[in-house]
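Participant: A single structure is presented below for examination.
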Amino acid sequence: MRSCIVCEKSPASGRKYKRRGMEKKKGGAGSKVVGKSFRMVLPNLQRIKITVKGTVQRALVCTSCIKANKVTRAV
């Protein structure tokens with residue numbers, strides 16, 4: 001499974017709900033769930049060159065770890 005080498009962030013599963021009807025706060029009878037579909041939330045993984053113990057290697061790192069400078073990029 002594809003995951004971040006630093007924080008082990010990996011795909012997460014969940015559901016997406018389809019609703020019908022006006023909400024109660026807008027003056028309706030309330031929204032009803034008419035369908036549930038499966039979905040995957042994928043992390044934003046980038047394949048970059050990093051230095052690990054003095055050697056350069058390519059690895060999958062999520063963008064939140066890149067922004068937080070948790071890895072040292074190889075030039």
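The way I read the labels, and the way they are meant: chains A, B, ... in the order of the structure tokens, residue 1 as the first residue of every chain, and ligand 1 as the first ligand shown, with later ones counted on from there.
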Name all residues at most 7 Å from stretch 39-53 of chain A (count only C-alpha atoms; drop same-chain ones fewer than 3 positions away) and give them as a compact mmCIF listing (two decimals) with C-alpha atoms, in the first residue's frame.

Facilitator:
```
# COMPACT_ATOMS: atom_id res chain seq x y z
CA CYS A 4 4.29 8.32 3.41
CA LYS A 9 -0.10 8.45 6.17
CA SER A 10 -2.07 6.04 3.97
CA PRO A 11 -5.45 5.93 2.17
CA ALA A 12 -8.48 6.19 4.44
CA SER A 13 -11.92 4.83 3.62
CA GLY A 14 -15.25 6.42 4.31
CA ARG A 15 -18.72 7.11 2.95
CA LYS A 16 -20.26 9.91 0.93
CA VAL A 56 20.24 9.59 -1.76
CA GLN A 57 17.06 7.65 -2.46
CA ARG A 58 13.65 8.25 -3.99
CA ALA A 59 10.73 7.97 -1.62
CA LEU A 60 7.04 8.74 -1.34
CA VAL A 61 6.50 11.67 1.02
CA CYS A 62 3.25 13.51 1.72
CA THR A 63 3.11 17.24 1.08
CA VAL A 71 12.76 15.42 5.31
CA THR A 72 15.96 16.75 3.79
CA ARG A 73 15.73 16.98 0.02
CA ALA A 74 18.69 15.88 -2.07
```

Participant: What does the distance from atom CA of A:Phe38 to atom CA of A:Ile5 come to in Å, to one decimal?

Facilitator: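 So the two atoms, atom CA of A:Phe38 and atom CA of A:Ile5, lie 26.4 Å apart.
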
Participant: When DSSP is applied to the backbone of this structure, which of chain A are assigned strand (DSSP E)? Write them out as a ChimeraX atom specification.

Facilitator: /A:12-20,32-41,45-52,55-62

Participant: At a cut-off of 7 Å, using only C-alpha atoms, what residues contact A:Arg19? Leave out same-chain residues fewer than 6 positions from it and give the result as a list in words.

Facilitator: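 After dropping sequence-adjacent residues, the list is Ser31, Lys32, Val33 and Val34 of chain A.
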
Participant: Can those selected residues be exported to a file as an mmCIF file, in the first residue's frame so that it contains C-alpha atoms?

Facilitator:
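As written to disk, out-v9.cif reads:
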```
data_model
loop_
_atom_site.group_PDB
_atom_site.id
_atom_site.type_symbol
_atom_site.label_atom_id
_atom_site.label_comp_id
_atom_site.auth_asym_id
_atom_site.auth_seq_id
_atom_site.Cartn_x
_atom_site.Cartn_y
_atom_site.Cartn_z
ATOM 1 C CA SER A 31 -32.990 16.294 4.826
ATOM 2 C CA LYS A 32 -33.164 12.544 4.252
ATOM 3 C CA VAL A 33 -30.279 10.258 3.341
ATOM 4 C CA VAL A 34 -31.179 8.595 0.051
#
```

Participant: Where does DSSP see alpha helix (DSSP H) in chain A, if you list the residues as a ChimeraX atom specification?

Facilitator: /A:63-67

Participant: What is the distance, in Å and to one decimal place, between atom CA of A:Gly35 and atom CA of A:Gly21?

Facilitator: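 Atom CA of A:Gly21 lies at a distance of 12.9 Å from atom CA of A:Gly35.
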